[in-house]
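Everything below belongs to run.cif, which stores mmCIF, C-alpha atoms.
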```cif
data_input
loop_
_atom_site.group_PDB
_atom_site.id
_atom_site.type_symbol
_atom_site.label_atom_id
_atom_site.label_comp_id
_atom_site.auth_asym_id
_atom_site.auth_seq_id
_atom_site.Cartn_x
_atom_site.Cartn_y
_atom_site.Cartn_z
ATOM 1 C CA MET A 1 19.529 -4.548 -23.186
ATOM 2 C CA ASN A 2 22.296 -3.057 -21.048
ATOM 3 C CA GLU A 3 21.968 -0.366 -18.404
ATOM 4 C CA ALA A 4 22.850 2.546 -20.697
ATOM 5 C CA GLN A 5 20.273 1.435 -23.259
ATOM 6 C CA ARG A 6 17.618 1.073 -20.564
ATOM 7 C CA HIS A 7 18.391 4.539 -19.234
ATOM 8 C CA ARG A 8 18.098 6.068 -22.707
ATOM 9 C CA SER A 9 14.761 4.324 -23.261
ATOM 10 C CA LEU A 10 13.406 5.556 -19.941
ATOM 11 C CA LEU A 11 14.511 9.166 -20.436
ATOM 12 C CA SER A 12 13.195 9.151 -24.001
ATOM 13 C CA TYR A 13 9.811 7.956 -22.739
ATOM 14 C CA LEU A 14 9.724 10.702 -20.109
ATOM 15 C CA ASP A 15 10.449 13.331 -22.749
ATOM 16 C CA SER A 16 6.974 12.765 -24.196
ATOM 17 C CA HIS A 17 4.962 11.353 -21.296
ATOM 18 C CA THR A 18 6.216 13.409 -18.282
ATOM 19 C CA PHE A 19 5.892 10.501 -15.829
ATOM 20 C CA ILE A 20 5.931 6.691 -15.676
ATOM 21 C CA THR A 21 5.037 4.133 -13.028
ATOM 22 C CA THR A 22 7.584 1.527 -12.009
ATOM 23 C CA ASN A 23 5.277 -1.250 -13.202
ATOM 24 C CA ASP A 24 4.851 0.415 -16.596
ATOM 25 C CA TYR A 25 8.647 0.629 -16.911
ATOM 26 C CA VAL A 26 8.888 -3.087 -16.075
ATOM 27 C CA ASP A 27 6.360 -3.902 -18.792
ATOM 28 C CA MET A 28 7.906 -1.515 -21.312
ATOM 29 C CA LEU A 29 11.333 -3.185 -21.253
ATOM 30 C CA ASN A 30 10.374 -6.614 -19.867
ATOM 31 C CA ILE A 31 12.742 -6.245 -16.919
ATOM 32 C CA SER A 32 12.523 -7.187 -13.256
ATOM 33 C CA LEU A 33 11.007 -4.884 -10.662
ATOM 34 C CA SER A 34 14.334 -4.648 -8.827
ATOM 35 C CA THR A 35 16.120 -3.578 -12.040
ATOM 36 C CA ALA A 36 13.452 -0.943 -12.708
ATOM 37 C CA ARG A 37 13.762 0.482 -9.202
ATOM 38 C CA ARG A 38 17.560 0.504 -9.436
ATOM 39 C CA ASP A 39 17.466 2.366 -12.761
ATOM 40 C CA ILE A 40 15.045 4.989 -11.452
ATOM 41 C CA THR A 41 17.053 5.464 -8.264
ATOM 42 C CA LYS A 42 20.341 5.884 -10.155
ATOM 43 C CA LEU A 43 18.918 8.351 -12.675
ATOM 44 C CA GLY A 44 17.294 10.243 -9.833
ATOM 45 C CA GLU A 45 20.620 10.509 -8.003
ATOM 46 C CA GLU A 46 22.195 11.787 -11.232
ATOM 47 C CA GLY A 47 19.528 14.473 -11.480
ATOM 48 C CA LYS A 48 18.164 13.181 -14.785
ATOM 49 C CA LEU A 49 14.660 12.507 -13.470
ATOM 50 C CA LYS A 50 12.649 12.950 -10.293
ATOM 51 C CA LYS A 51 12.018 9.775 -8.353
ATOM 52 C CA ILE A 52 8.468 9.636 -7.006
ATOM 53 C CA ARG A 53 6.564 6.989 -5.130
ATOM 54 C CA ASN A 54 6.095 3.990 -7.418
ATOM 55 C CA GLY A 55 7.627 5.721 -10.426
ATOM 56 C CA ALA A 56 9.467 8.675 -11.927
ATOM 57 C CA GLU A 57 8.711 11.995 -13.585
ATOM 58 C CA VAL A 58 10.604 14.537 -15.628
ATOM 59 C CA ILE A 59 12.477 17.376 -14.001
ATOM 60 C CA ASN A 60 11.425 20.769 -15.291
ATOM 61 C CA ASN A 61 9.866 23.860 -13.849
ATOM 62 C CA ASP A 62 6.580 23.311 -15.585
ATOM 63 C CA SER A 63 6.026 19.685 -14.623
ATOM 64 C CA ALA A 64 3.929 20.457 -11.576
ATOM 65 C CA SER A 65 1.505 22.601 -13.508
ATOM 66 C CA CYS A 66 1.171 20.503 -16.655
ATOM 67 C CA SER A 67 1.451 16.872 -15.533
ATOM 68 C CA HIS A 68 -2.312 16.633 -15.128
ATOM 69 C CA SER A 69 -3.478 19.017 -17.824
ATOM 70 C CA PRO A 70 -6.130 17.471 -20.075
ATOM 71 C CA MET A 71 -3.553 16.850 -22.828
ATOM 72 C CA SER A 72 -1.402 14.623 -20.599
ATOM 73 C CA PHE A 73 -4.175 13.412 -18.298
ATOM 74 C CA ILE A 74 -6.143 11.772 -21.108
ATOM 75 C CA PRO A 75 -4.374 8.954 -22.989
ATOM 76 C CA ASN A 76 -4.169 9.363 -26.752
ATOM 77 C CA GLU A 77 -4.066 6.765 -29.498
ATOM 78 C CA GLN A 78 -0.264 6.876 -29.840
ATOM 79 C CA GLU A 79 0.197 6.109 -26.134
ATOM 80 C CA ILE A 80 -2.069 3.050 -26.103
ATOM 81 C CA GLU A 81 -0.411 -0.198 -27.163
ATOM 82 C CA SER A 82 -2.544 -2.473 -29.390
ATOM 83 C CA PHE A 83 -4.948 0.437 -29.805
ATOM 84 C CA ASP A 84 -7.110 -1.167 -32.518
ATOM 85 C CA ASN A 85 -7.612 -4.350 -30.511
ATOM 86 C CA LYS A 86 -8.406 -2.447 -27.341
ATOM 87 C CA GLN A 87 -10.827 -0.180 -29.213
ATOM 88 C CA ARG A 88 -12.781 -3.217 -30.468
ATOM 89 C CA ILE A 89 -12.748 -4.774 -27.005
ATOM 90 C CA ALA A 90 -14.024 -1.532 -25.459
ATOM 91 C CA LYS A 91 -16.839 -1.180 -27.992
ATOM 92 C CA THR A 92 -17.932 -4.779 -27.437
ATOM 93 C CA ALA A 93 -18.034 -4.135 -23.693
ATOM 94 C CA ALA A 94 -20.075 -0.958 -24.101
ATOM 95 C CA ASP A 95 -22.476 -2.759 -26.447
ATOM 96 C CA MET A 96 -23.273 -5.213 -23.642
ATOM 97 C CA CYS A 97 -24.919 -2.389 -21.696
ATOM 98 C CA ASP A 98 -28.650 -1.740 -21.975
ATOM 99 C CA GLU A 99 -30.308 1.622 -21.558
ATOM 100 C CA HIS A 100 -30.946 2.432 -17.865
ATOM 101 C CA ASP A 101 -28.045 0.173 -16.804
ATOM 102 C CA SER A 102 -25.717 1.077 -13.964
ATOM 103 C CA ILE A 103 -22.163 -0.168 -14.483
ATOM 104 C CA ILE A 104 -18.874 -0.106 -12.587
ATOM 105 C CA VAL A 105 -15.807 0.724 -14.704
ATOM 106 C CA SER A 106 -12.300 0.397 -13.300
ATOM 107 C CA GLY A 107 -9.135 2.086 -14.549
ATOM 108 C CA SER A 108 -7.126 1.119 -17.639
ATOM 109 C CA ASN A 109 -6.536 2.277 -21.193
ATOM 110 C CA THR A 110 -9.037 -0.301 -22.446
ATOM 111 C CA THR A 111 -11.804 0.681 -20.047
ATOM 112 C CA PHE A 112 -11.069 4.345 -20.815
ATOM 113 C CA LEU A 113 -11.895 3.633 -24.451
ATOM 114 C CA MET A 114 -15.384 2.533 -23.382
ATOM 115 C CA GLY A 115 -16.162 6.171 -22.628
ATOM 116 C CA GLU A 116 -16.707 7.314 -26.200
ATOM 117 C CA HIS A 117 -19.175 4.436 -26.744
ATOM 118 C CA LEU A 118 -21.134 5.283 -23.578
ATOM 119 C CA LEU A 119 -21.416 9.029 -24.121
ATOM 120 C CA HIS A 120 -24.970 10.391 -24.123
ATOM 121 C CA ARG A 121 -26.498 6.961 -23.542
ATOM 122 C CA ASP A 122 -28.795 6.401 -20.572
ATOM 123 C CA VAL A 123 -26.152 4.385 -18.730
ATOM 124 C CA GLN A 124 -24.973 5.314 -15.257
ATOM 125 C CA VAL A 125 -21.186 5.012 -14.978
ATOM 126 C CA VAL A 126 -19.673 4.426 -11.542
ATOM 127 C CA THR A 127 -15.884 4.748 -11.566
ATOM 128 C CA ASN A 128 -12.770 5.554 -9.583
ATOM 129 C CA PHE A 129 -10.769 6.255 -12.771
ATOM 130 C CA MET A 130 -10.276 9.987 -13.176
ATOM 131 C CA PRO A 131 -9.428 10.122 -16.929
ATOM 132 C CA LEU A 132 -12.697 8.324 -17.712
ATOM 133 C CA ALA A 133 -14.639 10.557 -15.332
ATOM 134 C CA TYR A 134 -13.060 13.671 -16.880
ATOM 135 C CA GLN A 135 -13.906 12.484 -20.389
ATOM 136 C CA LEU A 136 -17.554 11.840 -19.508
ATOM 137 C CA ILE A 137 -17.940 15.104 -17.582
ATOM 138 C CA SER A 138 -16.368 17.180 -20.359
ATOM 139 C CA GLN A 139 -18.822 15.660 -22.862
ATOM 140 C CA ASP A 140 -21.851 16.290 -20.609
ATOM 141 C CA HIS A 141 -22.645 12.671 -19.903
ATOM 142 C CA GLN A 142 -25.644 12.866 -17.611
ATOM 143 C CA SER A 143 -25.116 10.087 -15.064
ATOM 144 C CA ILE A 144 -21.698 9.674 -13.435
ATOM 145 C CA ILE A 145 -20.777 8.580 -9.911
ATOM 146 C CA ILE A 146 -17.138 9.108 -8.912
ATOM 147 C CA LEU A 147 -16.100 6.930 -6.013
ATOM 148 C CA GLY A 148 -14.410 8.906 -3.281
ATOM 149 C CA GLY A 149 -11.141 8.449 -1.470
ATOM 150 C CA GLN A 150 -7.533 9.524 -1.772
ATOM 151 C CA TYR A 151 -6.430 10.356 -5.311
ATOM 152 C CA LEU A 152 -3.285 8.519 -6.427
ATOM 153 C CA PRO A 153 -1.692 10.507 -9.292
ATOM 154 C CA GLU A 154 0.601 7.681 -10.348
ATOM 155 C CA ARG A 155 -2.433 5.404 -10.948
ATOM 156 C CA GLN A 156 -5.005 8.124 -11.731
ATOM 157 C CA ILE A 157 -7.505 6.388 -9.451
ATOM 158 C CA THR A 158 -9.106 7.070 -6.103
ATOM 159 C CA ILE A 159 -8.789 4.564 -3.298
ATOM 160 C CA SER A 160 -10.640 4.641 -0.015
ATOM 161 C CA PRO A 161 -9.533 3.071 3.271
ATOM 162 C CA ASP A 162 -13.228 2.885 4.204
ATOM 163 C CA VAL A 163 -14.479 -0.599 3.376
ATOM 164 C CA GLU A 164 -18.045 0.712 3.509
ATOM 165 C CA ALA A 165 -17.344 3.531 1.015
ATOM 166 C CA ALA A 166 -19.212 2.000 -1.909
ATOM 167 C CA ASN A 167 -21.501 -0.516 -0.249
ATOM 168 C CA ASP A 168 -24.592 1.224 -1.617
ATOM 169 C CA HIS A 169 -23.459 0.861 -5.242
ATOM 170 C CA LYS A 170 -24.918 -2.218 -6.910
ATOM 171 C CA SER A 171 -24.544 -2.512 -10.666
ATOM 172 C CA ARG A 172 -25.246 -5.115 -13.345
ATOM 173 C CA PHE A 173 -21.688 -5.186 -14.696
ATOM 174 C CA VAL A 174 -18.196 -4.513 -13.433
ATOM 175 C CA PHE A 175 -15.826 -3.892 -16.358
ATOM 176 C CA PHE A 176 -12.185 -4.323 -15.367
ATOM 177 C CA THR A 177 -8.808 -5.500 -16.597
ATOM 178 C CA GLY A 178 -5.569 -6.950 -15.282
ATOM 179 C CA THR A 179 -1.943 -7.605 -16.143
ATOM 180 C CA GLY A 180 -2.662 -11.197 -17.103
ATOM 181 C CA VAL A 181 -5.299 -13.907 -17.387
ATOM 182 C CA THR A 182 -4.744 -17.635 -16.970
ATOM 183 C CA THR A 183 -6.963 -20.638 -16.397
ATOM 184 C CA ALA A 184 -7.022 -19.586 -12.741
ATOM 185 C CA GLY A 185 -8.526 -16.160 -13.499
ATOM 186 C CA VAL A 186 -7.487 -12.533 -13.881
ATOM 187 C CA HIS A 187 -4.248 -11.382 -12.232
ATOM 188 C CA THR A 188 -2.701 -8.015 -11.424
ATOM 189 C CA SER A 189 0.894 -7.247 -10.495
ATOM 190 C CA ASP A 190 0.011 -3.855 -8.989
ATOM 191 C CA LEU A 191 -0.831 -4.048 -5.280
ATOM 192 C CA LEU A 192 -2.514 -0.625 -5.171
ATOM 193 C CA VAL A 193 -4.691 -1.524 -8.139
ATOM 194 C CA TYR A 194 -5.482 -4.841 -6.471
ATOM 195 C CA MET A 195 -6.607 -3.079 -3.285
ATOM 196 C CA ALA A 196 -8.833 -0.645 -5.187
ATOM 197 C CA GLU A 197 -10.336 -3.038 -7.722
ATOM 198 C CA LYS A 198 -10.890 -5.980 -5.366
ATOM 199 C CA LYS A 199 -13.534 -3.825 -3.670
ATOM 200 C CA LEU A 200 -15.069 -2.716 -6.965
ATOM 201 C CA LEU A 201 -15.637 -6.313 -8.027
ATOM 202 C CA GLU A 202 -18.023 -6.797 -5.113
ATOM 203 C CA TYR A 203 -20.435 -4.156 -6.394
ATOM 204 C CA GLY A 204 -21.605 -5.800 -9.605
ATOM 205 C CA ASP A 205 -23.622 -8.882 -10.508
ATOM 206 C CA ARG A 206 -21.456 -9.859 -13.496
ATOM 207 C CA LEU A 207 -17.681 -9.468 -13.816
ATOM 208 C CA VAL A 208 -16.477 -8.666 -17.333
ATOM 209 C CA ALA A 209 -12.717 -8.675 -18.010
ATOM 210 C CA LEU A 210 -11.340 -6.629 -20.930
ATOM 211 C CA ILE A 211 -8.015 -8.294 -21.752
ATOM 212 C CA ASP A 212 -6.050 -7.946 -24.985
ATOM 213 C CA SER A 213 -4.350 -11.053 -26.374
ATOM 214 C CA SER A 214 -0.855 -10.095 -25.175
ATOM 215 C CA LYS A 215 -2.005 -10.762 -21.602
ATOM 216 C CA VAL A 216 -3.832 -14.051 -22.201
ATOM 217 C CA GLY A 217 -1.759 -16.827 -20.659
ATOM 218 C CA LYS A 218 0.365 -14.351 -18.701
ATOM 219 C CA HIS A 219 0.651 -14.788 -14.941
ATOM 220 C CA GLY A 220 0.749 -11.577 -12.922
ATOM 221 C CA GLY A 221 0.985 -11.529 -9.153
ATOM 222 C CA LYS A 222 -2.254 -11.291 -7.169
ATOM 223 C CA LEU A 223 -5.359 -13.128 -8.345
ATOM 224 C CA LEU A 224 -7.930 -10.383 -8.760
ATOM 225 C CA ALA A 225 -10.861 -12.572 -9.851
ATOM 226 C CA THR A 226 -11.015 -16.347 -10.154
ATOM 227 C CA ALA A 227 -12.279 -18.020 -13.304
ATOM 228 C CA HIS A 228 -15.395 -19.124 -11.419
ATOM 229 C CA GLN A 229 -16.146 -15.511 -10.456
ATOM 230 C CA LEU A 230 -15.647 -14.301 -14.009
ATOM 231 C CA ASP A 231 -18.773 -14.031 -16.166
ATOM 232 C CA THR A 232 -17.229 -12.820 -19.437
ATOM 233 C CA LEU A 233 -13.816 -12.303 -21.005
ATOM 234 C CA ILE A 234 -13.508 -10.017 -24.040
ATOM 235 C CA THR A 235 -10.267 -10.361 -25.990
ATOM 236 C CA ASP A 236 -8.951 -10.223 -29.545
ATOM 237 C CA ASN A 237 -8.339 -12.988 -32.056
ATOM 238 C CA ASP A 238 -4.626 -13.440 -31.296
ATOM 239 C CA ALA A 239 -5.366 -14.777 -27.808
ATOM 240 C CA ASN A 240 -4.028 -18.179 -26.740
ATOM 241 C CA PRO A 241 -6.794 -20.646 -27.765
ATOM 242 C CA GLN A 242 -5.859 -23.234 -25.118
ATOM 243 C CA VAL A 243 -6.338 -20.737 -22.298
ATOM 244 C CA LEU A 244 -9.631 -19.544 -23.775
ATOM 245 C CA GLU A 245 -10.956 -23.092 -24.123
ATOM 246 C CA ALA A 246 -10.005 -23.917 -20.532
ATOM 247 C CA LEU A 247 -11.864 -20.823 -19.351
ATOM 248 C CA ARG A 248 -14.931 -21.779 -21.427
ATOM 249 C CA GLU A 249 -14.942 -25.174 -19.734
ATOM 250 C CA GLN A 250 -15.155 -23.355 -16.405
ATOM 251 C CA GLY A 251 -18.237 -21.435 -17.548
ATOM 252 C CA VAL A 252 -16.660 -18.178 -18.718
ATOM 253 C CA ASN A 253 -18.309 -16.531 -21.726
ATOM 254 C CA ILE A 254 -15.637 -15.643 -24.286
ATOM 255 C CA PHE A 255 -16.029 -12.828 -26.816
ATOM 256 C CA ILE A 256 -13.297 -12.663 -29.468
ATOM 257 C CA VAL A 257 -13.274 -9.395 -31.447
#
```
Would you give me this structure, written as structure tokens?
Amino acid sequence: MNEAQRHRSLLSYLDSHTFITTNDYVDMLNISLSTARRDITKLGEEGKLKKIRNGAEVINNDSASCSHSPMSFIPNEQEIESFDNKQRIAKTAADMCDEHDSIIVSGSNTTFLMGEHLLHRDVQVVTNFMPLAYQLISQDHQSIIILGGQYLPERQITISPDVEAANDHKSRFVFFTGTGVTTAGVHTSDLLVYMAEKKLLEYGDRLVALIDSSKVGKHGGKLLATAHQLDTLITDNDANPQVLEALREQGVNIFIV
């Protein structure tokens, strides 16, 4: 794909989504991070988009007021790749929870989909992911703890510089995801996500990764959780069987849905 084609794809995406992170643009077109940054910078200089930290957003007078309205704040089915697989993964994760459980849920489209399966159950949800928190609050879920810190609009999470910020939260499960999983463990290519979620993983007894098959076997930057730390991996039936078997041999429980 040449530069002009990339630019058209990016601007077309922004027409319907209002903003995009640099990492999402990398994944969308399977390009390098340097190419993504160069494209965003050039289109920003041409006045075709607004360059923001770690991403880009559309230029229009209403963007400031609508970019975090419920309609754009909450992901919809059309915006979630491999929606059916992720929906099954999310339901399987939610079904692991018992009544009276307290769980940590990190931020991703897959973990967001857990929300509808947790609503009105006696399960305490501890999260730093604002779309999930908004969904649960708007549906009158009775037990929600939102972890404090600075809100990062481009990630829709809160992150705290205080290492003691969540030390009192101890839960049975931490449900999380990453940009890839290999025999070494779960990886993420996003440094801000790594900083936020690395702390979350300390606050649960069992780490449960929700990873669709497109990410199984994919390396991705920082190692968020090693295979030996991982209790369970939930994925779909197109996942690389060699990687899954190697993880089983290291003691990881594998759920294929």
Original post:
Between A:Asn128, A:Thr182, A:Ser143, A:Thr226, which is the closest to Val243 (chain A) once you count all atoms listed in the file?
Top reply: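 Counting all atoms listed in the file, the residue closest to Val243 (chain A) is A:Thr182.
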Subject >> Selected residue, from A:Ser106, A:Thr92, A:Thr35, A:Asn23, that lies nearest to Thr179 (chain A) when counting only C-alpha atoms >> reply: A:Asn23
To test your reading of the syntax: which residues would the PyMOL selection byres ((chain A and resi 180) around 7) return for the file shown? Reply as a compact mmCIF listing (two decimals) with C-alpha atoms, keeping the file's coordinate frame.
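Output file selection_27.txt follows:
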```
# COMPACT_ATOMS: atom_id res chain seq x y z
CA GLY A 178 -5.57 -6.95 -15.28
CA THR A 179 -1.94 -7.60 -16.14
CA VAL A 181 -5.30 -13.91 -17.39
CA THR A 182 -4.74 -17.64 -16.97
CA VAL A 186 -7.49 -12.53 -13.88
CA HIS A 187 -4.25 -11.38 -12.23
CA THR A 188 -2.70 -8.02 -11.42
CA LYS A 215 -2.00 -10.76 -21.60
CA VAL A 216 -3.83 -14.05 -22.20
CA GLY A 217 -1.76 -16.83 -20.66
CA LYS A 218 0.36 -14.35 -18.70
CA HIS A 219 0.65 -14.79 -14.94
CA GLY A 220 0.75 -11.58 -12.92
```
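Here the selection is built from all atoms listed in the file, and the residues within 12 Å of (-6.9, -10.1, -31.3) turn out to be Ser82, Phe83, Asp84, Asn85, Lys86, Gln87, Arg88, Ile89, Leu210, Ile211, Asp212, Ser213, Ser214, Lys215, Val216, Ile234, Thr235, Asp236, Asn237, Asp238, Ala239, Asn240, Pro241, Phe255, Ile256 and Val257 of chain A.
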Subject >> Distance query Met96 (chain A) at most 12 Å, all atoms listed in the file, self and fewer than 4 positions along chain excluded, as a PyMOL selection string >> reply: chain A and resi 89-92+101-103+114+117-118+123+172-175+206+208+232+234+255
Residues from last step as file, C-alpha atoms, as a short mmCIF file (atom, residue, chain, number, x, y, z; two decimals), in the coordinates of the input:
```cif
data_model
loop_
_atom_site.label_atom_id
_atom_site.label_comp_id
_atom_site.auth_asym_id
_atom_site.auth_seq_id
_atom_site.Cartn_x
_atom_site.Cartn_y
_atom_site.Cartn_z
CA ILE A 89 -12.75 -4.77 -27.00
CA ALA A 90 -14.02 -1.53 -25.46
CA LYS A 91 -16.84 -1.18 -27.99
CA THR A 92 -17.93 -4.78 -27.44
CA ASP A 101 -28.04 0.17 -16.80
CA SER A 102 -25.72 1.08 -13.96
CA ILE A 103 -22.16 -0.17 -14.48
CA MET A 114 -15.38 2.53 -23.38
CA HIS A 117 -19.18 4.44 -26.74
CA LEU A 118 -21.13 5.28 -23.58
CA VAL A 123 -26.15 4.38 -18.73
CA ARG A 172 -25.25 -5.12 -13.34
CA PHE A 173 -21.69 -5.19 -14.70
CA VAL A 174 -18.20 -4.51 -13.43
CA PHE A 175 -15.83 -3.89 -16.36
CA ARG A 206 -21.46 -9.86 -13.50
CA VAL A 208 -16.48 -8.67 -17.33
CA THR A 232 -17.23 -12.82 -19.44
CA ILE A 234 -13.51 -10.02 -24.04
CA PHE A 255 -16.03 -12.83 -26.82
#
```
**OP:** May I have the protein, DNA and RNA residues with any atom at most 9 Å from the point (-8.4, 8.4, -2.0), counting all atoms listed in the file, written as number ranges by chain?
**Re:** A: 147-152, 157-161
**OP:** Between CA of Gln250 (chain A) and CA of Lys170 (chain A), measure the distance and give it in Å to one decimal.
**Re:**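 Atom-to-atom, CA of Gln250 (chain A) and CA of Lys170 (chain A) are spaced 25.1 Å apart.
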Subject >> Residue neighbourhood Leu201 (chain A), 9 Å, all atoms listed in the file, exclusion window fewer than 6 positions, as a list in words >> reply: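 Returned residues: Ile104, Val174, Phe175, Phe176, Leu207, Leu224 and Ala225 of chain A.
Put simply, CA of Met130 (chain A) is 24.6 Å away from CA of Gly221 (chain A).
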**OP:** Apply the PyMOL selection byres ((chain A and resi 133) around 12) to the structure shown and report the selected residues as a ChimeraX atom specification.
**Re:** /A:70,73-74,104-107,111-116,118-119,124-132,134-147,156-158
